[in-house]
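Here is model-v6.txt, consisting of compact mmCIF, C-alpha atoms and all ligand atoms:
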```txt
# COMPACT_ATOMS: atom_id res chain seq x y z
CA MET A 1 -13.89 51.99 36.75
CA PRO A 2 -17.29 51.60 38.46
CA LEU A 3 -20.48 52.07 36.45
CA VAL A 4 -21.83 55.63 36.53
CA ARG A 5 -25.38 56.98 36.66
CA MET A 6 -26.70 57.50 33.17
CA ASP A 7 -27.95 61.05 33.72
CA GLU A 8 -24.44 62.22 34.64
CA ILE A 9 -23.05 61.43 31.20
CA LEU A 10 -26.20 62.69 29.48
CA HIS A 11 -26.14 66.13 31.10
CA ALA A 12 -22.52 66.54 30.07
CA ALA A 13 -23.39 65.40 26.53
CA ARG A 14 -26.28 67.82 26.04
CA ALA A 15 -24.15 70.67 27.41
CA ASP A 16 -21.42 69.81 24.87
CA GLY A 17 -23.77 69.22 21.91
CA ARG A 18 -22.97 65.51 21.77
CA ALA A 19 -25.04 62.37 22.19
CA VAL A 20 -24.15 59.13 23.94
CA ALA A 21 -24.86 55.85 22.16
CA ALA A 22 -27.21 53.54 24.06
CA PHE A 23 -26.83 49.98 22.81
CA ASN A 24 -29.43 47.32 23.55
CA CYS A 25 -27.40 44.28 24.55
CA TRP A 26 -28.56 40.73 25.06
CA ASP A 27 -25.61 38.60 26.15
CA SER A 28 -21.95 38.61 27.17
CA ASN A 29 -20.74 39.17 23.58
CA SER A 30 -22.84 42.27 23.03
CA ILE A 31 -22.08 43.74 26.47
CA GLN A 32 -18.36 43.20 25.99
CA ALA A 33 -18.54 44.63 22.46
CA ALA A 34 -20.09 47.84 23.82
CA THR A 35 -17.25 48.31 26.32
CA LEU A 36 -14.59 47.60 23.67
CA ALA A 37 -16.22 50.10 21.29
CA ALA A 38 -16.14 52.67 24.10
CA GLN A 39 -12.47 51.86 24.64
CA ARG A 40 -11.58 52.28 20.95
CA THR A 41 -13.33 55.64 20.74
CA GLY A 42 -12.46 56.98 24.20
CA GLN A 43 -16.14 57.84 24.71
CA PRO A 44 -18.69 56.82 27.38
CA VAL A 45 -21.35 54.27 26.50
CA ILE A 46 -24.77 53.20 27.74
CA ILE A 47 -25.50 49.49 27.89
CA GLN A 48 -29.23 48.78 27.89
CA ALA A 49 -31.17 45.73 28.95
CA SER A 50 -34.66 44.95 27.73
CA PRO A 51 -37.19 43.11 29.90
CA ALA A 52 -38.09 41.02 26.83
CA GLU A 53 -34.66 39.37 27.17
CA GLU A 54 -34.57 39.11 30.95
CA HIS A 55 -34.86 35.33 30.75
CA TYR A 56 -31.67 35.06 28.64
CA CYS A 57 -29.09 36.42 31.03
CA GLY A 58 -31.10 38.01 33.84
CA SER A 59 -30.70 41.46 35.34
CA ARG A 60 -28.12 40.49 37.98
CA ALA A 61 -25.79 38.70 35.55
CA PHE A 62 -26.23 41.60 33.11
CA ARG A 63 -25.11 44.08 35.78
CA THR A 64 -22.16 41.93 36.83
CA MET A 65 -20.95 41.40 33.25
CA ALA A 66 -21.29 45.10 32.39
CA GLU A 67 -19.36 46.07 35.52
CA GLN A 68 -16.59 43.58 34.83
CA PHE A 69 -16.22 44.31 31.11
CA ALA A 70 -16.32 48.09 31.68
CA ASP A 71 -13.64 47.72 34.34
CA ASP A 72 -11.51 45.47 32.10
CA ALA A 73 -11.76 48.03 29.27
CA GLY A 74 -11.24 51.01 31.61
CA VAL A 75 -14.24 52.89 30.18
CA THR A 76 -17.06 55.06 31.51
CA ALA A 77 -20.28 53.10 31.17
CA ALA A 78 -23.82 53.21 32.53
CA ILE A 79 -26.41 50.45 32.53
CA HIS A 80 -30.06 51.20 31.93
CA LEU A 81 -33.36 49.32 31.70
CA ASP A 82 -34.97 50.15 28.34
CA HIS A 83 -38.78 50.03 28.00
CA GLY A 84 -39.68 48.69 31.42
CA GLY A 85 -43.37 47.87 31.23
CA THR A 86 -44.37 47.66 34.89
CA LEU A 87 -43.20 48.93 38.27
CA ASP A 88 -42.33 45.33 39.21
CA GLN A 89 -39.96 45.10 36.24
CA ALA A 90 -38.34 48.41 37.16
CA GLU A 91 -37.93 47.22 40.74
CA THR A 92 -36.29 43.97 39.64
CA TYR A 93 -33.61 45.90 37.73
CA LEU A 94 -33.15 48.49 40.48
CA LYS A 95 -32.64 45.70 43.01
CA SER A 96 -30.06 44.20 40.65
CA GLY A 97 -28.01 47.40 40.80
CA PHE A 98 -29.24 49.31 37.72
CA LYS A 99 -28.95 53.04 38.49
CA SER A 100 -31.20 54.03 35.62
CA VAL A 101 -34.56 52.72 34.45
CA MET A 102 -37.16 53.61 31.87
CA LEU A 103 -40.78 52.95 32.57
CA ASP A 104 -42.63 53.42 29.33
CA GLY A 105 -46.10 54.74 30.07
CA SER A 106 -46.45 56.32 26.62
CA ARG A 107 -49.14 53.87 25.51
CA HIS A 108 -51.40 55.23 28.26
CA PRO A 109 -53.35 58.50 28.30
CA TYR A 110 -51.40 61.51 29.63
CA ASP A 111 -52.65 61.35 33.24
CA GLU A 112 -51.91 57.64 33.58
CA ASN A 113 -48.45 58.12 32.04
CA VAL A 114 -47.80 60.87 34.62
CA ARG A 115 -49.02 58.71 37.50
CA LEU A 116 -46.91 55.68 36.48
CA THR A 117 -43.86 57.85 35.90
CA GLN A 118 -44.24 59.62 39.27
CA GLU A 119 -44.35 56.23 41.00
CA THR A 120 -41.27 55.10 39.08
CA VAL A 121 -39.37 58.25 40.08
CA ARG A 122 -40.31 57.67 43.74
CA LEU A 123 -39.20 54.04 43.51
CA ALA A 124 -35.93 54.86 41.71
CA GLN A 125 -35.02 57.61 44.17
CA GLY A 126 -35.03 54.99 46.93
CA PHE A 127 -32.25 53.22 45.01
CA GLY A 128 -30.35 56.41 44.13
CA ALA A 129 -31.28 55.84 40.48
CA CYS A 130 -32.50 58.07 37.64
CA VAL A 131 -35.52 57.70 35.34
CA GLU A 132 -36.20 58.02 31.61
CA ALA A 133 -39.81 58.37 30.47
CA GLU A 134 -41.43 58.71 27.07
CA LEU A 135 -44.13 61.04 25.81
CA GLY A 136 -45.71 60.50 22.40
CA LYS A 137 -45.62 57.25 20.47
CA VAL A 138 -42.61 55.96 18.58
CA MET A 139 -43.80 53.86 15.62
CA GLY A 140 -42.98 50.17 15.28
CA LEU A 141 -42.59 47.62 18.05
CA GLU A 142 -42.66 49.43 21.41
CA GLY A 143 -41.60 46.77 23.92
CA ASP A 144 -44.14 44.11 23.06
CA VAL A 145 -46.77 46.49 21.67
CA GLU A 146 -46.97 47.28 17.94
CA VAL A 147 -47.61 50.98 17.25
CA PRO A 148 -48.93 51.30 13.67
CA GLU A 149 -47.82 54.31 11.65
CA GLY A 150 -51.30 55.75 11.28
CA GLU A 151 -51.71 55.80 15.01
CA ALA A 152 -48.33 57.35 15.71
CA LEU A 153 -48.62 60.42 17.84
CA GLN A 154 -45.62 62.71 17.98
CA THR A 155 -44.64 64.49 21.19
CA ASP A 156 -46.38 67.80 21.84
CA PRO A 157 -43.83 70.46 22.96
CA ASP A 158 -46.06 72.15 25.56
CA GLU A 159 -47.18 68.82 26.94
CA ALA A 160 -43.52 67.75 27.16
CA ALA A 161 -42.70 70.75 29.37
CA GLN A 162 -45.73 70.01 31.54
CA PHE A 163 -44.81 66.31 31.76
CA VAL A 164 -41.29 67.09 32.97
CA ALA A 165 -42.67 69.49 35.61
CA ASP A 166 -45.30 66.94 36.69
CA THR A 167 -42.96 63.96 37.00
CA ASN A 168 -39.46 65.17 37.95
CA ILE A 169 -37.81 62.73 35.52
CA ASP A 170 -34.13 62.88 34.51
CA CYS A 171 -34.39 62.48 30.73
CA LEU A 172 -37.22 62.41 28.20
CA ALA A 173 -37.70 60.18 25.16
CA VAL A 174 -39.54 62.00 22.40
CA ALA A 175 -41.43 60.81 19.34
CA VAL A 176 -40.43 62.92 16.33
CA GLY A 177 -40.62 60.45 13.44
CA THR A 178 -38.01 57.75 14.12
CA ILE A 179 -39.28 54.17 14.28
CA HIS A 180 -38.46 51.04 16.27
CA GLY A 181 -37.16 48.53 13.71
CA VAL A 182 -36.52 49.08 10.01
CA TYR A 183 -37.75 52.15 8.08
CA ARG A 184 -40.14 51.22 5.29
CA GLY A 185 -39.73 54.49 3.40
CA LYS A 186 -37.51 57.55 3.66
CA PRO A 187 -37.17 58.63 7.32
CA GLU A 188 -39.16 61.81 8.00
CA ILE A 189 -37.81 63.37 11.17
CA ASN A 190 -39.81 66.33 12.42
CA LEU A 191 -36.92 68.68 13.21
CA ALA A 192 -39.17 71.69 13.84
CA ARG A 193 -41.04 69.74 16.48
CA LEU A 194 -37.80 68.57 18.07
CA ALA A 195 -36.52 72.16 18.18
CA ALA A 196 -39.75 73.29 19.86
CA ILE A 197 -39.47 70.52 22.47
CA ALA A 198 -35.80 71.31 23.13
CA GLU A 199 -36.68 74.97 23.66
CA ARG A 200 -39.07 74.05 26.44
CA VAL A 201 -37.25 71.06 28.00
CA GLU A 202 -33.73 71.51 29.35
CA LEU A 203 -33.28 67.84 30.26
CA PRO A 204 -31.31 65.51 28.00
CA LEU A 205 -33.65 64.31 25.23
CA VAL A 206 -33.63 60.71 24.00
CA LEU A 207 -34.17 59.41 20.47
CA HIS A 208 -35.54 55.88 20.25
CA GLY A 209 -35.42 53.90 17.03
CA GLY A 210 -32.11 55.43 15.97
CA SER A 211 -31.13 52.58 13.62
CA GLY A 212 -31.17 53.42 9.93
CA THR A 213 -31.58 57.18 10.47
CA PRO A 214 -29.29 58.99 7.96
CA ASP A 215 -26.16 60.54 9.51
CA ASP A 216 -27.00 64.13 8.56
CA LEU A 217 -30.41 63.86 10.24
CA VAL A 218 -28.82 62.31 13.31
CA ARG A 219 -26.34 65.22 13.53
CA GLU A 220 -29.19 67.72 13.22
CA CYS A 221 -31.12 65.98 16.03
CA ILE A 222 -28.07 66.10 18.29
CA ARG A 223 -27.54 69.79 17.56
CA LEU A 224 -31.14 70.37 18.62
CA GLY A 225 -30.77 68.65 22.02
CA ILE A 226 -30.82 64.87 21.60
CA ALA A 227 -28.26 63.53 24.10
CA LYS A 228 -28.95 59.78 23.96
CA ILE A 229 -29.67 57.65 20.91
CA ASN A 230 -30.94 54.08 21.22
CA ILE A 231 -29.58 51.56 18.75
CA TYR A 232 -30.67 47.97 18.44
CA THR A 233 -31.72 46.94 14.93
CA GLU A 234 -28.39 47.87 13.30
CA LEU A 235 -26.50 45.93 15.99
CA MET A 236 -28.54 42.84 15.31
CA GLN A 237 -27.90 43.25 11.56
CA ALA A 238 -24.13 43.45 12.19
CA TRP A 239 -24.14 40.52 14.61
CA LEU A 240 -26.22 38.18 12.45
CA GLY A 241 -24.25 39.24 9.36
CA GLY A 242 -21.00 38.36 11.17
CA LEU A 243 -22.35 34.98 12.27
CA GLY A 244 -23.79 34.25 8.83
CA GLU A 245 -20.38 34.57 7.16
CA ILE A 246 -19.10 31.56 9.07
CA MET A 247 -22.17 29.46 9.77
CA GLY A 248 -23.68 26.99 7.37
CA PRO A 249 -25.90 23.95 7.79
CA ASP A 250 -22.89 21.60 7.77
CA THR A 251 -20.32 23.69 9.63
CA PHE A 252 -19.53 23.09 13.27
CA PRO A 253 -16.85 25.64 14.15
CA ALA A 254 -15.49 26.25 17.66
CA PRO A 255 -17.16 29.26 19.34
CA GLY A 256 -14.07 31.42 18.86
CA LYS A 257 -14.31 30.88 15.09
CA PHE A 258 -17.78 32.40 14.77
CA TYR A 259 -18.09 34.61 17.86
CA THR A 260 -14.85 36.49 17.23
CA PRO A 261 -15.72 37.81 13.74
CA ALA A 262 -19.36 38.42 14.73
CA ARG A 263 -18.26 40.36 17.80
CA GLU A 264 -15.80 42.33 15.68
CA ALA A 265 -18.62 43.24 13.25
CA LEU A 266 -20.66 44.38 16.24
CA ILE A 267 -17.80 46.45 17.68
CA GLU A 268 -17.20 48.12 14.31
CA ARG A 269 -20.86 49.12 13.99
CA MET A 270 -20.83 50.41 17.57
CA VAL A 271 -17.64 52.41 16.95
CA GLU A 272 -19.29 54.06 13.90
CA LYS A 273 -22.30 55.09 15.97
CA ILE A 274 -20.34 56.33 18.98
CA SER A 275 -18.04 58.36 16.70
CA LEU A 276 -20.95 59.89 14.79
CA PHE A 277 -22.85 60.83 17.96
CA ALA A 278 -19.74 62.26 19.64
CA SER A 279 -18.74 64.44 16.69
CA ALA A 280 -22.05 66.09 15.81
ZN ZN A 301 -37.71 52.59 22.37
```
As structure tokens, the full file:
Amino acid sequence: MPLVRMDEILHAARADGRAVAAFNCWDSNSIQAATLAAQRTGQPVIIQASPAEEHYCGSRAFRTMAEQFADDAGVTAAIHLDHGGTLDQAETYLKSGFKSVMLDGSRHPYDENVRLTQETVRLAQGFGACVEAELGKVMGLEGDVEVPEGEALQTDPDEAAQFVADTNIDCLAVAVGTIHGVYRGKPEINLARLAAIAERVELPLVLHGGSGTPDDLVRECIRLGIAKINIYTELMQAWLGGLGEIMGPDTFPAPGKFYTPAREALIERMVEKISLFASA
């Protein structure tokens, strides 16, 4: 099955009151795990690349692996660039066959975010691709920029409606209290704010920093209009936990001995997330 455009599965998800899991993947193991998790659950999946890891497997190899593994598993999958920082980065991924990119202009003032996003939309349209943008600041590590909690600015509902009208994007990432990385205290998700945004924005809404958010809060967010949830930190925990069970300073196992259980741990975590998001 060929890869699909991300916005297609997101529109269907928001209409159905579901969300699609978007997994940040970094190599062949993680990409394959995402397709196998989609196969086990019978749900679509989004496989995301980050420019911070471009030098590990590259955008072209990433696309090729995702295409092949999705086809092998017979699943519906989309690939997406997460947190592109510049138009050049977005263009690299678009040229490599990604039909969806995010250019994160949220660190800039509103007008500059609009300008960058408009240019990204123009660029992506030339490749028949869709665009995710972000308004407001998600706490934690945003790409390579640390957003401290005190400085965190949540998305303004009226500004969100204006931003969508100004930019013609396909989906909007909102800042409503989740964080990139590990929560230090109890997660405080601003559900009232999310409801107000969802009332004004019909597009699929995206929740970044989904790892560690309690299931009941996740379900509530999906009911309110979140159609895509980004997961990275929990995947890395599962993967490293799986590797750690086998590896020691004096062990030299064959790759199948440590990759197989680590990949299985990854698939299991992905299956949990996909199932939760699909059943909200
Ligand atoms: Zn993010």
- request: With a distance cut-off of 10 Å and all atoms listed in the file, select the neighbouring residues of Gly136 of chain A, excluding the residue or stretch itself and same-chain residues fewer than 6 positions from it, and output the selection as a list in words.
  value: Gly105, Ser106, Arg107, His108, Pro109, Tyr110, Ala152, Leu153, Gln154, Thr155, Asp156, Glu159, Ala160, Ala173, Val174, Ala175 and Val176 of chain A
Kindly save the residues from that selection, with C-alpha atoms included, as a tab-separated table (two decimals), in the frame of the given file.
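Listing of out22.tsv after writing:
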```
chain	number	residue	atom	x	y	z
A	105	GLY	CA	-46.10	54.74	30.07
A	106	SER	CA	-46.45	56.32	26.62
A	107	ARG	CA	-49.14	53.87	25.51
A	108	HIS	CA	-51.40	55.23	28.26
A	109	PRO	CA	-53.35	58.50	28.30
A	110	TYR	CA	-51.40	61.51	29.63
A	152	ALA	CA	-48.33	57.35	15.71
A	153	LEU	CA	-48.62	60.42	17.84
A	154	GLN	CA	-45.62	62.71	17.98
A	155	THR	CA	-44.64	64.49	21.19
A	156	ASP	CA	-46.38	67.80	21.84
A	159	GLU	CA	-47.18	68.82	26.94
A	160	ALA	CA	-43.52	67.75	27.16
A	173	ALA	CA	-37.70	60.18	25.16
A	174	VAL	CA	-39.54	62.00	22.40
A	175	ALA	CA	-41.43	60.81	19.34
A	176	VAL	CA	-40.43	62.92	16.33
```
Within 12 Å of ligand ZN 301 (chain A) (only C-alpha atoms and all ligand atoms), residues as a short mmCIF file (atom, residue, chain, number, x, y, z; two decimals) with C-alpha atoms, keeping the file's coordinate frame:
```
data_model
loop_
_atom_site.label_atom_id
_atom_site.label_comp_id
_atom_site.auth_asym_id
_atom_site.auth_seq_id
_atom_site.Cartn_x
_atom_site.Cartn_y
_atom_site.Cartn_z
CA ALA A 22 -27.21 53.54 24.06
CA PHE A 23 -26.83 49.98 22.81
CA ASN A 24 -29.43 47.32 23.55
CA GLN A 48 -29.23 48.78 27.89
CA ALA A 49 -31.17 45.73 28.95
CA SER A 50 -34.66 44.95 27.73
CA LEU A 81 -33.36 49.32 31.70
CA ASP A 82 -34.97 50.15 28.34
CA HIS A 83 -38.78 50.03 28.00
CA GLY A 84 -39.68 48.69 31.42
CA GLY A 85 -43.37 47.87 31.23
CA MET A 102 -37.16 53.61 31.87
CA LEU A 103 -40.78 52.95 32.57
CA ASP A 104 -42.63 53.42 29.33
CA GLY A 105 -46.10 54.74 30.07
CA SER A 106 -46.45 56.32 26.62
CA ARG A 107 -49.14 53.87 25.51
CA GLU A 132 -36.20 58.02 31.61
CA ALA A 133 -39.81 58.37 30.47
CA GLU A 134 -41.43 58.71 27.07
CA LEU A 135 -44.13 61.04 25.81
CA GLY A 136 -45.71 60.50 22.40
CA LYS A 137 -45.62 57.25 20.47
CA VAL A 138 -42.61 55.96 18.58
CA MET A 139 -43.80 53.86 15.62
CA GLY A 140 -42.98 50.17 15.28
CA LEU A 141 -42.59 47.62 18.05
CA GLU A 142 -42.66 49.43 21.41
CA GLY A 143 -41.60 46.77 23.92
CA ASP A 144 -44.14 44.11 23.06
CA VAL A 145 -46.77 46.49 21.67
CA GLU A 146 -46.97 47.28 17.94
CA VAL A 147 -47.61 50.98 17.25
CA LEU A 172 -37.22 62.41 28.20
CA ALA A 173 -37.70 60.18 25.16
CA VAL A 174 -39.54 62.00 22.40
CA ALA A 175 -41.43 60.81 19.34
CA THR A 178 -38.01 57.75 14.12
CA ILE A 179 -39.28 54.17 14.28
CA HIS A 180 -38.46 51.04 16.27
CA GLY A 181 -37.16 48.53 13.71
CA VAL A 206 -33.63 60.71 24.00
CA LEU A 207 -34.17 59.41 20.47
CA HIS A 208 -35.54 55.88 20.25
CA GLY A 209 -35.42 53.90 17.03
CA GLY A 210 -32.11 55.43 15.97
CA SER A 211 -31.13 52.58 13.62
CA LYS A 228 -28.95 59.78 23.96
CA ILE A 229 -29.67 57.65 20.91
CA ASN A 230 -30.94 54.08 21.22
CA ILE A 231 -29.58 51.56 18.75
CA TYR A 232 -30.67 47.97 18.44
CA THR A 233 -31.72 46.94 14.93
#
```
For this session: For segment 90-97 of chain A, list every protein, DNA or RNA residue within 9 Å, evaluated using only C-alpha atoms, and leave out those in the same chain fewer than 4 positions away; present the list as number ranges by chain.
Result: A: 59-64, 79-81, 84-86, 101-103, 120, 123-124, 127, 129
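Put simply, atom CA of Pro51 of chain A is 20.3 Å away from atom CA of Arg122 of chain A.
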Can you pull out every residue within 10 Å of Gly74 of chain A, counting all atoms listed in the file, but drop anything in the same chain fewer than 4 positions away, and send it as a VMD selection string?
chain A and resid 1 to 2 35 to 36 38 to 39 42 68 to 70
In terms of only C-alpha atoms, the residue from A:Leu205, A:Ala73, A:Leu243, A:Ala198 at minimal distance from Arg40 of chain A is A:Ala73
Applying 12 Å and all atoms listed in the file, which residues near Gly256 of chain A remain after dropping the ones on its own chain fewer than 4 positions away? List them as JSON, numbers by chain.
{"A": [29, 243, 246, 252, 260, 261, 262, 263, 264]}
Checklist entry - Using all atoms listed in the file, what residues lie at most 10 Å away from (-23.9, 57.4, 31.6) (file coordinates), given as number ranges by chain? => result A: 3-13, 20-22, 44-47, 76-80, 99-100, 228
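Counting from atom CA of Cys221 of chain A, the distance to atom CA of Trp26 of chain A is 26.9 Å.
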As a check of understanding: the span from atom CA of Trp239 of chain A to atom CA of Pro253 of chain A is 16.6 Å
